[in-house]
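Note: the block below is query08.cif and it holds mmCIF, C-alpha atoms.
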```cif
data_my_file
#
loop_
_atom_site.label_atom_id
_atom_site.label_comp_id
_atom_site.auth_asym_id
_atom_site.auth_seq_id
_atom_site.Cartn_x
_atom_site.Cartn_y
_atom_site.Cartn_z
CA MET A 28 9.59 -72.76 71.47
CA ALA A 29 11.16 -73.24 74.91
CA THR A 30 9.61 -71.82 78.09
CA LYS A 31 10.72 -70.99 81.63
CA THR A 32 9.41 -74.42 82.61
CA ASP A 33 11.84 -76.00 80.12
CA LEU A 34 14.67 -73.88 81.50
CA GLU A 35 13.82 -74.95 85.06
CA ARG A 36 13.72 -78.62 84.01
CA ILE A 37 17.10 -78.40 82.25
CA VAL A 38 18.91 -76.59 85.08
CA ASN A 39 17.46 -78.84 87.75
CA ALA A 40 18.20 -82.01 85.74
CA SER A 41 21.84 -80.99 85.37
CA SER A 42 24.15 -81.89 88.21
CA GLN A 43 26.59 -79.13 87.29
CA ILE A 44 26.68 -75.65 85.80
CA ALA A 45 29.72 -73.93 84.30
CA VAL A 46 29.91 -70.31 85.49
CA ALA A 47 32.30 -67.85 83.86
CA THR A 48 33.29 -64.63 85.58
CA LEU A 49 36.19 -62.25 85.09
CA THR A 50 39.47 -62.64 86.95
CA GLU A 51 39.88 -60.16 89.80
CA ASP A 52 42.00 -57.89 87.61
CA GLY A 53 39.38 -58.08 84.84
CA THR A 54 41.79 -59.27 82.18
CA ALA A 55 40.42 -62.72 81.41
CA PRO A 56 37.39 -64.98 81.80
CA ASP A 57 37.57 -67.69 84.47
CA VAL A 58 35.26 -70.73 84.49
CA ARG A 59 34.26 -72.85 87.46
CA ILE A 60 31.93 -75.81 87.71
CA VAL A 61 29.31 -75.33 90.44
CA LEU A 62 26.24 -77.11 91.75
CA GLY A 63 23.28 -75.01 90.69
CA VAL A 64 19.53 -74.97 91.16
CA TYR A 65 16.82 -72.89 89.52
CA ASP A 66 14.74 -70.70 91.83
CA ALA A 67 11.52 -70.39 89.81
CA GLU A 68 9.90 -68.00 92.28
CA ASN A 69 12.62 -65.40 91.69
CA ASP A 70 13.89 -66.46 88.23
CA LEU A 71 17.44 -66.97 89.52
CA VAL A 72 20.01 -69.71 89.36
CA LEU A 73 21.57 -70.29 92.78
CA PHE A 74 24.91 -71.80 93.69
CA MET A 75 27.09 -72.04 96.77
CA SER A 76 30.83 -71.51 97.19
CA SER A 77 33.31 -70.84 99.93
CA GLY A 78 33.52 -67.16 100.73
CA LYS A 79 37.30 -67.57 100.74
CA ALA A 80 37.40 -69.01 97.21
CA GLU A 81 38.99 -67.14 94.33
CA LYS A 82 35.58 -67.20 92.60
CA ALA A 83 34.05 -65.17 95.48
CA ALA A 84 36.77 -62.52 95.08
CA GLU A 85 36.15 -62.39 91.33
CA ILE A 86 32.42 -61.92 91.88
CA ALA A 87 33.06 -59.15 94.40
CA ALA A 88 35.23 -57.35 91.82
CA HIS A 89 33.03 -57.92 88.74
CA LYS A 90 29.32 -58.76 88.57
CA GLN A 91 29.32 -59.89 84.92
CA ALA A 92 28.90 -63.60 84.28
CA ALA A 93 27.91 -66.19 81.72
CA PHE A 94 26.83 -69.74 82.45
CA ALA A 95 25.64 -72.96 80.84
CA THR A 96 24.62 -76.49 81.60
CA PRO A 97 26.99 -79.07 80.15
CA GLN A 98 25.92 -80.98 77.07
CA PHE A 99 26.14 -84.71 77.60
CA GLY A 100 24.70 -87.07 75.00
CA GLN A 101 21.17 -86.15 74.01
CA ASN A 102 20.50 -83.89 77.02
CA ASP A 103 18.78 -80.58 76.48
CA VAL A 104 20.97 -77.58 77.34
CA MET A 105 20.72 -73.93 78.25
CA ARG A 106 23.20 -71.07 78.00
CA VAL A 107 23.16 -67.50 79.25
CA ARG A 108 25.64 -65.05 77.75
CA LYS A 109 24.79 -62.01 79.89
CA ALA A 110 24.12 -62.49 83.57
CA THR A 111 24.75 -60.65 86.79
CA VAL A 112 26.07 -62.62 89.73
CA THR A 113 25.78 -61.42 93.31
CA LYS A 114 26.33 -62.79 96.77
CA ILE A 115 22.99 -63.23 98.53
CA THR A 116 21.60 -64.13 101.89
CA PRO A 117 19.31 -66.98 100.88
CA THR A 118 15.78 -67.22 102.16
CA GLN A 119 14.74 -70.38 103.95
CA ALA A 120 12.91 -71.43 100.76
CA GLN A 121 16.09 -70.96 98.70
CA GLN A 122 18.17 -72.95 101.18
CA THR A 123 15.60 -75.72 101.16
CA LEU A 124 15.51 -75.72 97.36
CA TYR A 125 19.28 -76.06 97.21
CA THR A 126 19.69 -78.69 99.92
CA THR A 127 16.79 -80.73 98.53
CA LYS A 128 18.65 -81.05 95.23
CA TYR A 129 22.06 -81.44 96.89
CA PRO A 130 21.48 -82.94 100.36
CA GLN A 131 25.20 -83.69 100.71
CA THR A 132 25.91 -79.93 100.80
CA ALA A 133 23.75 -79.17 103.84
CA LYS A 134 26.69 -79.43 106.26
CA TYR A 135 28.68 -76.93 104.15
CA ALA A 136 25.93 -74.32 103.89
CA ALA A 137 26.76 -72.78 107.26
CA HIS A 138 30.35 -72.18 106.11
CA SER A 139 29.69 -71.11 102.53
CA ASP A 140 28.22 -68.18 100.67
CA PHE A 141 25.26 -68.33 98.33
CA PHE A 142 25.29 -66.58 94.97
CA ALA A 143 22.51 -65.77 92.52
CA LEU A 144 22.73 -65.50 88.75
CA ALA A 145 20.15 -63.08 87.34
CA PHE A 146 19.53 -62.83 83.60
CA ASP A 147 17.05 -61.50 81.05
CA GLN A 148 17.37 -64.18 78.35
CA ALA A 149 18.55 -67.75 78.01
CA GLU A 150 19.31 -69.80 74.94
CA VAL A 151 17.61 -73.17 75.35
CA THR A 152 18.18 -76.16 73.07
CA ILE A 153 15.65 -78.98 73.21
CA ALA A 154 16.10 -82.03 70.99
CA GLY A 155 18.48 -80.07 68.77
CA THR A 156 16.18 -77.07 68.33
CA ALA A 157 17.38 -73.78 69.82
CA SER A 158 15.16 -70.94 70.99
CA THR A 159 15.35 -67.98 73.34
CA VAL A 160 13.52 -67.80 76.65
CA ASP A 161 12.71 -64.25 77.71
CA MET A 162 12.61 -64.05 81.50
CA ALA A 163 10.20 -61.08 81.39
CA ASP A 164 7.49 -63.29 79.84
#
```

How does the structure come out when it is put into structure tokens?
Amino acid sequence: MATKTDLERIVNASSQIAVATLTEDGTAPDVRIVLGVYDAENDLVLFMSSGKAEKAAEIAAHKQAAFATPQFGQNDVMRVRKATVTKITPTQAQQTLYTTKYPQTAKYAAHSDFFALAFDQAEVTIAGTASTVDMAD
């Protein structure tokens, strides 16, 4: 059975995360690939985007989201079907966490917005075996 530690390992080993939100008018899902990192202290997945991006407008209009790590080869994967995404003001620890994983993004952080994905459960597949991680545990 997978744990939060497995989830953290999978998200942080992945270089990309696919995040689906609703279009601004709410009529269709819209997927973007983002650079994400797991914030274990707060049980959140963080990503950064331009505040002027279409994705930021979609998030402002609708907080519902789903996200997943891509499946390449034999990599373990995780998927969340029900998440809430919000714009945040990151703490210094969250900024450090993000820029440690993605040092090339440090110069963009001052001109971008940070977002957090909050969720109650994640489907985690390790070596072909799927299980559910409950974030309340």

Residues matched by the PyMOL selection byres ((chain A and resi 156) around 12), written as an MDAnalysis selection string: chainID A and resid 28:29 101:105 150:155 157:159

Test item: the PyMOL selection byres ((chain A and resi 44-54) around 7) resolved as a VMD selection string: chain A and resid 43 55 to 63 84 to 86 88 to 89 91 to 97

For the residues in the current selection, export C-alpha atoms as a PDB file, in the coordinates of the input.
```pdb
ATOM      1  CA  GLN A  43      26.590 -79.130  87.290  1.00  0.00           C
ATOM      2  CA  ALA A  55      40.420 -62.720  81.410  1.00  0.00           C
ATOM      3  CA  PRO A  56      37.390 -64.980  81.800  1.00  0.00           C
ATOM      4  CA  ASP A  57      37.570 -67.690  84.470  1.00  0.00           C
ATOM      5  CA  VAL A  58      35.260 -70.730  84.490  1.00  0.00           C
ATOM      6  CA  ARG A  59      34.260 -72.850  87.460  1.00  0.00           C
ATOM      7  CA  ILE A  60      31.930 -75.810  87.710  1.00  0.00           C
ATOM      8  CA  VAL A  61      29.310 -75.330  90.440  1.00  0.00           C
ATOM      9  CA  LEU A  62      26.240 -77.110  91.750  1.00  0.00           C
ATOM     10  CA  GLY A  63      23.280 -75.010  90.690  1.00  0.00           C
ATOM     11  CA  ALA A  84      36.770 -62.520  95.080  1.00  0.00           C
ATOM     12  CA  GLU A  85      36.150 -62.390  91.330  1.00  0.00           C
ATOM     13  CA  ILE A  86      32.420 -61.920  91.880  1.00  0.00           C
ATOM     14  CA  ALA A  88      35.230 -57.350  91.820  1.00  0.00           C
ATOM     15  CA  HIS A  89      33.030 -57.920  88.740  1.00  0.00           C
ATOM     16  CA  GLN A  91      29.320 -59.890  84.920  1.00  0.00           C
ATOM     17  CA  ALA A  92      28.900 -63.600  84.280  1.00  0.00           C
ATOM     18  CA  ALA A  93      27.910 -66.190  81.720  1.00  0.00           C
ATOM     19  CA  PHE A  94      26.830 -69.740  82.450  1.00  0.00           C
ATOM     20  CA  ALA A  95      25.640 -72.960  80.840  1.00  0.00           C
ATOM     21  CA  THR A  96      24.620 -76.490  81.600  1.00  0.00           C
ATOM     22  CA  PRO A  97      26.990 -79.070  80.150  1.00  0.00           C
TER      23      PRO A  97
END
```

Using the chain letters and numbering of this document, enumerate as a JSON list (two decimals) with C-alpha atoms, in the frame of the given file the residues selected by the PyMOL selection byres ((chain A and resi 75) around 7).
```json
[["chain", "number", "residue", "atom", "x", "y", "z"],
["A", 74, "PHE", "CA", 24.91, -71.80, 93.69],
["A", 76, "SER", "CA", 30.83, -71.51, 97.19],
["A", 139, "SER", "CA", 29.69, -71.11, 102.53],
["A", 140, "ASP", "CA", 28.22, -68.18, 100.67],
["A", 141, "PHE", "CA", 25.26, -68.33, 98.33],
["A", 142, "PHE", "CA", 25.29, -66.58, 94.97]]
```

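Between CA of Asp147 (chain A) and CA of Thr132 (chain A) there is a distance of 28.4 Å.
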
A:Gly78, A:Ser42, A:Ala143, A:Ala67 ranked by distance to Thr113 (chain A), top pick (using only C-alpha atoms): A:Ala143

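The two atoms in question, CA of Ala163 (chain A) and CA of Lys90 (chain A), are spaced 20.6 Å apart.
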
Between CA of Gln148 (chain A) and CA of Asp161 (chain A), distance in Å (one decimal):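 Taking CA of Gln148 (chain A) as the start and CA of Asp161 (chain A) as the end point, the length is 4.7 Å.
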
Asp66 (chain A) surroundings by all atoms listed in the file, 12 Å radius, close-in-sequence under 2 positions cut, as an MDAnalysis selection string: chainID A and resid 31:32 34:36 38:39 63:64 68:74 117:118 120:125 128 142:145

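With all atoms listed in the file as the atoms that count, the residue of A:Phe146, A:Tyr129, A:Ala137, A:Ala80 with the shortest distance to Ser41 (chain A) is A:Tyr129.
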